[in-house]
>>> print(open('entry.cif').read())   # mmCIF, C-alpha atoms
data_data
loop_
_atom_site.label_atom_id
_atom_site.label_comp_id
_atom_site.auth_asym_id
_atom_site.auth_seq_id
_atom_site.Cartn_x
_atom_site.Cartn_y
_atom_site.Cartn_z
CA MET A 1 43.46 -10.16 -27.69
CA SER A 2 42.17 -10.73 -24.15
CA VAL A 3 39.68 -13.34 -25.45
CA PHE A 4 42.47 -15.24 -27.17
CA PHE A 5 44.59 -15.40 -24.01
CA PHE A 6 41.55 -16.39 -21.97
CA ILE A 7 40.92 -19.35 -24.28
CA LEU A 8 44.62 -20.22 -24.30
CA GLY A 9 44.76 -20.13 -20.53
CA PHE A 10 41.63 -22.22 -20.20
CA VAL A 11 42.91 -24.89 -22.63
CA SER A 12 46.34 -25.01 -20.97
CA PHE A 13 44.71 -25.42 -17.56
CA ILE A 14 42.64 -28.35 -18.85
CA PHE A 15 45.71 -30.05 -20.28
CA PHE A 16 47.61 -29.29 -17.05
CA ILE A 17 44.97 -31.29 -15.13
CA ILE A 18 44.99 -34.08 -17.70
CA GLY A 19 48.77 -34.23 -17.52
CA LEU A 20 48.73 -34.92 -13.81
CA PHE A 21 47.01 -38.23 -14.48
CA SER A 22 47.88 -39.05 -18.11
CA PRO A 23 50.87 -37.13 -19.46
CA LYS A 24 50.95 -39.33 -22.56
CA THR A 25 47.54 -37.90 -23.48
CA SER A 26 48.33 -34.29 -22.63
CA LEU A 27 51.65 -34.40 -24.54
CA PHE A 28 50.09 -35.91 -27.63
CA TRP A 29 52.07 -33.52 -29.80
CA VAL A 30 55.45 -34.90 -28.60
CA SER A 31 56.47 -37.54 -31.14
CA ASP A 32 58.80 -39.43 -28.78
CA VAL A 33 56.45 -41.31 -26.47
CA ALA A 34 59.27 -41.89 -23.97
CA LYS A 35 59.50 -38.15 -23.38
CA ARG A 36 55.81 -37.79 -22.47
CA LYS A 37 56.48 -37.47 -18.73
CA ARG A 38 54.36 -35.89 -16.01
CA GLY A 39 57.06 -33.36 -15.16
CA LEU A 40 57.29 -32.10 -18.75
CA SER A 41 53.52 -31.86 -19.04
CA VAL A 42 53.20 -29.88 -15.79
CA ALA A 43 56.08 -27.55 -16.72
CA VAL A 44 54.77 -26.84 -20.23
CA TYR A 45 51.10 -26.29 -19.47
CA LEU A 46 51.61 -24.50 -16.17
CA SER A 47 53.97 -22.07 -17.92
CA VAL A 48 51.54 -21.48 -20.79
CA TRP A 49 48.69 -20.95 -18.31
CA ILE A 50 50.61 -18.37 -16.25
CA ILE A 51 51.92 -16.53 -19.33
CA SER A 52 48.42 -16.34 -20.87
CA LEU A 53 47.03 -14.88 -17.65
CA ILE A 54 49.75 -12.21 -17.50
CA LEU A 55 49.50 -11.26 -21.17
CA GLY A 56 45.72 -11.26 -21.05
CA ASN A 57 45.71 -8.74 -18.20
CA VAL A 58 48.40 -6.56 -19.76
CA LEU A 59 46.83 -6.44 -23.21
CA SER A 60 43.15 -6.09 -22.17
CA PRO A 61 41.70 -2.65 -23.12
CA LYS A 62 41.37 -0.64 -19.93
CA GLY A 63 38.93 1.87 -21.39
CA GLU A 64 36.44 -0.90 -22.09
CA THR A 65 36.00 -1.64 -18.39
CA VAL A 66 35.53 2.03 -17.55
CA ASN A 67 32.90 2.43 -20.25
CA ASN A 68 31.00 -0.59 -18.97
CA VAL A 69 30.91 0.89 -15.46
CA ASN A 70 29.70 4.22 -16.80
CA ASP A 71 27.04 2.50 -18.91
CA THR A 72 25.83 0.64 -15.83
CA GLU A 73 25.58 3.88 -13.88
CA VAL A 74 23.57 5.47 -16.68
CA VAL A 75 21.16 2.52 -16.80
CA VAL A 76 20.68 2.59 -13.00
CA SER A 77 20.04 6.35 -13.03
CA GLU A 78 17.52 5.99 -15.85
CA VAL A 79 15.67 3.27 -13.92
CA GLU A 80 15.61 5.44 -10.80
CA GLU A 81 14.12 8.31 -12.78
CA THR A 82 11.40 6.19 -14.36
CA VAL A 83 10.30 4.53 -11.09
CA ALA A 84 7.56 6.74 -9.67
CA PRO A 85 7.61 7.40 -5.92
CA PRO A 86 5.01 5.40 -4.00
CA LYS A 87 1.71 7.17 -3.66
CA LYS A 88 0.59 8.15 -0.20
CA GLU A 89 -2.15 5.73 0.73
CA GLU A 90 -5.35 7.40 1.80
CA PRO A 91 -6.66 6.39 5.25
CA LYS A 92 -9.34 3.73 4.87
CA ASN A 93 -11.82 5.24 7.33
CA TRP A 94 -14.66 5.40 4.82
CA LYS A 95 -16.59 2.81 2.82
CA TYR A 96 -18.31 3.86 -0.38
CA SER A 97 -21.39 2.47 -2.09
CA GLU A 98 -24.03 3.49 -4.59
CA THR A 99 -27.55 2.55 -5.59
CA VAL A 100 -29.66 3.26 -8.68
CA ASP A 101 -33.26 4.42 -8.42
CA GLU A 102 -35.19 1.96 -10.59
CA MET A 103 -37.81 4.55 -11.48
CA THR A 104 -35.59 7.50 -12.38
CA ASP A 105 -32.26 5.75 -13.15
CA VAL A 106 -30.60 8.33 -10.88
CA THR A 107 -27.51 7.06 -9.02
CA ASN A 108 -27.36 7.76 -5.29
CA TYR A 109 -23.97 7.80 -3.56
CA PHE A 110 -23.09 6.93 0.04
CA ALA A 111 -20.00 7.18 2.26
CA GLU A 112 -19.98 5.38 5.61
CA CYS A 113 -17.74 5.85 8.66
CA VAL A 114 -18.08 3.77 11.84
CA SER A 115 -17.16 5.02 15.31
CA VAL A 116 -13.97 3.75 16.94
CA ASN A 117 -15.75 3.26 20.27
CA THR A 118 -19.01 1.56 21.22
CA HIS A 119 -21.65 1.66 23.98
CA ASP A 120 -23.49 -1.05 25.85
CA PHE A 121 -27.26 -0.51 25.76
CA LYS A 122 -29.95 -2.11 27.85
CA PHE A 123 -32.17 -4.88 26.52
CA PRO A 124 -33.47 -5.26 23.84
CA TYR A 125 -30.45 -3.54 22.33
CA LYS A 126 -26.95 -4.96 22.06
CA LYS A 127 -23.67 -4.40 23.79
CA ASN A 128 -20.66 -2.99 21.93
CA THR A 129 -22.91 -0.96 19.64
CA PRO A 130 -21.16 1.57 17.37
CA MET A 131 -22.58 4.64 15.65
CA TYR A 132 -22.29 5.37 11.94
CA ILE A 133 -21.93 8.64 10.04
CA TYR A 134 -23.40 8.56 6.54
CA VAL A 135 -22.73 11.17 3.88
CA ARG A 136 -25.02 10.73 0.90
CA ASN A 137 -25.95 12.32 -2.37
CA MET A 138 -29.57 11.49 -3.12
CA ASN A 139 -31.44 12.97 -6.07
CA GLY A 140 -28.53 15.33 -6.63
CA LYS A 141 -28.57 16.71 -3.07
CA ASN A 142 -25.97 16.18 -0.36
CA ASP A 143 -26.91 15.53 3.25
CA LEU A 144 -25.61 13.76 6.34
CA TYR A 145 -27.27 11.49 8.87
CA LEU A 146 -26.38 9.31 11.85
CA TYR A 147 -27.39 5.70 12.42
CA ILE A 148 -27.23 3.49 15.50
CA ASP A 149 -28.88 0.18 16.31
CA ALA A 150 -30.51 1.61 19.43
CA GLN A 151 -33.08 4.29 20.27
CA VAL A 152 -32.19 7.92 19.64
CA MET A 153 -34.35 10.49 21.40
CA THR A 154 -37.15 11.66 19.10
CA SER A 155 -36.78 15.15 17.67
CA LEU A 156 -39.64 15.99 15.32
CA PHE A 157 -39.14 19.75 15.16
CA GLY A 158 -35.45 20.03 15.96
CA ASP A 159 -36.10 20.26 19.70
CA GLU A 160 -33.27 17.80 20.40
CA TYR A 161 -29.66 18.39 19.41
CA ILE A 162 -26.28 16.78 19.02
CA ARG A 163 -23.01 18.31 20.12
CA ILE A 164 -20.16 17.83 17.69
CA LYS A 165 -16.48 18.69 17.80
CA PHE A 166 -13.99 18.60 14.90
CA ASP A 167 -10.40 17.89 15.95
CA ASP A 168 -9.52 20.50 18.61
CA GLY A 169 -12.05 23.04 17.37
CA GLU A 170 -14.92 24.64 19.23
CA LEU A 171 -17.91 22.59 20.31
CA MET A 172 -20.92 23.00 17.98
CA THR A 173 -24.52 22.49 19.00
CA VAL A 174 -26.63 21.28 16.06
CA PRO A 175 -30.38 20.46 16.16
CA TYR A 176 -31.45 17.26 14.44
CA ASN A 177 -34.68 15.79 13.04
CA SER A 178 -35.91 12.25 13.47
CA SER A 179 -36.67 9.98 10.54
CA THR A 180 -39.98 10.67 8.78
CA ASP A 181 -40.78 6.94 8.82
CA GLY A 182 -40.78 6.91 12.62
CA SER A 183 -37.54 4.92 13.04
CA SER A 184 -35.66 5.83 16.21
CA LYS A 185 -32.34 4.61 14.83
CA TYR A 186 -31.67 7.69 12.72
CA ALA A 187 -30.83 11.33 13.38
CA PHE A 188 -30.66 13.92 10.61
CA PRO A 189 -28.56 16.90 11.78
CA GLN A 190 -29.39 20.29 10.33
CA ARG A 191 -26.71 22.30 8.47
CA SER A 192 -25.58 19.17 6.56
CA THR A 193 -23.51 21.08 4.00
CA THR A 194 -21.50 22.81 6.73
CA LEU A 195 -20.91 19.53 8.56
CA ILE A 196 -19.80 17.70 5.41
CA ASN A 197 -17.28 20.44 4.55
CA LYS A 198 -15.89 20.34 8.08
CA ILE A 199 -15.57 16.55 7.96
CA LYS A 200 -13.64 16.74 4.68
CA ASN A 201 -11.02 18.91 6.42
CA ALA A 202 -10.93 17.05 9.76
CA LYS A 203 -9.14 14.00 11.10
CA LYS A 204 -11.28 13.26 14.14
CA VAL A 205 -14.88 13.96 15.11
CA LYS A 206 -16.56 13.59 18.48
CA ILE A 207 -20.38 13.42 18.62
CA ASP A 208 -22.58 13.61 21.71
CA ILE A 209 -26.18 12.42 21.17
CA PRO A 210 -29.16 11.80 23.52
CA MET A 211 -30.28 8.15 23.74
CA TYR A 212 -33.56 6.92 25.22
CA ASN A 213 -33.06 5.90 28.89
CA GLU A 214 -29.28 6.14 28.41
CA GLY A 215 -28.56 9.85 28.69
CA ARG A 216 -26.13 11.47 26.30
CA CYS A 217 -23.58 9.12 24.71
CA VAL A 218 -20.32 10.21 23.11
CA PHE A 219 -18.94 8.53 19.97
CA ASP A 220 -15.51 9.11 18.44
CA PHE A 221 -14.75 8.88 14.72
CA ASN A 222 -11.64 8.87 12.56
CA VAL A 223 -12.94 10.75 9.52
CA GLU A 224 -9.68 11.58 7.70
CA GLY A 225 -9.63 10.76 4.01
CA LEU A 226 -13.24 11.40 2.96
CA VAL A 227 -13.35 11.66 -0.84
CA TRP A 228 -16.58 13.39 -1.81
CA GLU A 229 -16.88 15.10 -5.18
CA HIS A 230 -20.65 15.12 -5.50
#
>>> encode(input="entry.cif", output="structure tokens")
Amino acid sequence: MSVFFFILGFVSFIFFIIGLFSPKTSLFWVSDVAKRKRGLSVAVYLSVWIISLILGNVLSPKGETVNNVNDTEVVVSEVEETVAPPKKEEPKNWKYSETVDEMTDVTNYFAECVSVNTHDFKFPYKKNTPMYIYVRNMNGKNDLYLYIDAQVMTSLFGDEYIRIKFDDGELMTVPYNSSTDGSSKYAFPQRSTTLINKIKNAKKVKIDIPMYNEGRCVFDFNVEGLVWEH
């Protein structure tokens, strides 16, 4: 019924507008052309329009509106349930890479973290030089090493050491070995497994390392978020 009165009201409104300008057209159903006046057209169509609005509201099914609201609420709740909460984004403090040994086809895995601070070294080295922590799995074995584009004090038999601190924990003294190829840019701390496990559970790391003609330099790292399943 409500649809019928809606259509009736719409049509009567159209003819009401037409009658304001051309009552002879709007009152086409009146046989006496002399009676097709603007006043009659306005009175007839305005009355029909108002009556159709009133009857349409009175006769419209109230329950239908309530059901539509409830249906909308159900749809919204279902959408809310299906939308998964946003995942917590892991801190992007680490970069990951891998290489394949061409002879053995074994994949080696690397994770790299750069220090948040830098040091200025004397010529021929650069200013604003950071240090890097590398965690690697090579030939199925995990270890950790440090890299810096400067000259780390040589430690062939573990006679030199780094000092390392995880978050607010106790200071650790850890001997390191120099690279077997003679490069002074690397330091291989002993107790790699212990250090890797501590890094996985830490947010910040502070490392103190002896540098040639520079004394001991301290580097700070944000290490939170290391994903290492090897």
>>> residues_around(input="entry.cif", residues="Met153 (chain A)", least_positions_apart="5", cutoff="9 Å", atoms="all atoms listed in the file", output="list in words")
Glu160, Ser178, Ser184, Ala187, Ile209, Pro210, Met211, Tyr212 and Asn213 of chain A
>>> closest_residue(input="entry.cif", among="A:Tyr186, A:Ser155, A:Val174, A:Asp120", to="Tyr134 (chain A)", atoms="all atoms listed in the file")
A:Tyr186
>>> resolve_selection(input="entry.cif", expression="the PyMOL selection byres ((chain A and resi 143) around 9)", output="ChimeraX atom specification")
/A:134-138,141-142,144-145,188-193,195-196
>>> residues_around(input="entry.cif", residues="Val114 (chain A)", least_positions_apart="2", cutoff="10 Å", atoms="all atoms listed in the file", output="PDB file with C-alpha atoms, in the frame of the given file")
ATOM      1  CA  ASN A  93     -11.820   5.240   7.330  1.00  0.00           C
ATOM      2  CA  TRP A  94     -14.660   5.400   4.820  1.00  0.00           C
ATOM      3  CA  LYS A  95     -16.590   2.810   2.820  1.00  0.00           C
ATOM      4  CA  GLU A 112     -19.980   5.380   5.610  1.00  0.00           C
ATOM      5  CA  VAL A 116     -13.970   3.750  16.940  1.00  0.00           C
ATOM      6  CA  ASN A 117     -15.750   3.260  20.270  1.00  0.00           C
ATOM      7  CA  THR A 118     -19.010   1.560  21.220  1.00  0.00           C
ATOM      8  CA  PRO A 130     -21.160   1.570  17.370  1.00  0.00           C
ATOM      9  CA  MET A 131     -22.580   4.640  15.650  1.00  0.00           C
ATOM     10  CA  TYR A 132     -22.290   5.370  11.940  1.00  0.00           C
ATOM     11  CA  ILE A 133     -21.930   8.640  10.040  1.00  0.00           C
ATOM     12  CA  TYR A 134     -23.400   8.560   6.540  1.00  0.00           C
ATOM     13  CA  LEU A 146     -26.380   9.310  11.850  1.00  0.00           C
ATOM     14  CA  TYR A 147     -27.390   5.700  12.420  1.00  0.00           C
ATOM     15  CA  ILE A 148     -27.230   3.490  15.500  1.00  0.00           C
ATOM     16  CA  PHE A 219     -18.940   8.530  19.970  1.00  0.00           C
ATOM     17  CA  ASP A 220     -15.510   9.110  18.440  1.00  0.00           C
ATOM     18  CA  PHE A 221     -14.750   8.880  14.720  1.00  0.00           C
ATOM     19  CA  ASN A 222     -11.640   8.870  12.560  1.00  0.00           C
ATOM     20  CA  VAL A 223     -12.940  10.750   9.520  1.00  0.00           C
TER      21      VAL A 223
END
>>> residues_around(input="entry.cif", residues="region 20-26 of chain A", least_positions_apart="4", cutoff="7 Å", atoms="only C-alpha atoms", output="PyMOL selection string")
chain A and resi 15-16+36-38+41
>>> atom_distance(input="entry.cif", atom1="CA of Val33 (chain A)", atom2="CA of Gly19 (chain A)")
13.8 Å
>>> resolve_selection(input="entry.cif", expression="the PyMOL selection byres ((chain A and resi 97-99) around 7)", output="VMD selection string")
chain A and resid 95 to 96 100 to 101 107 to 111
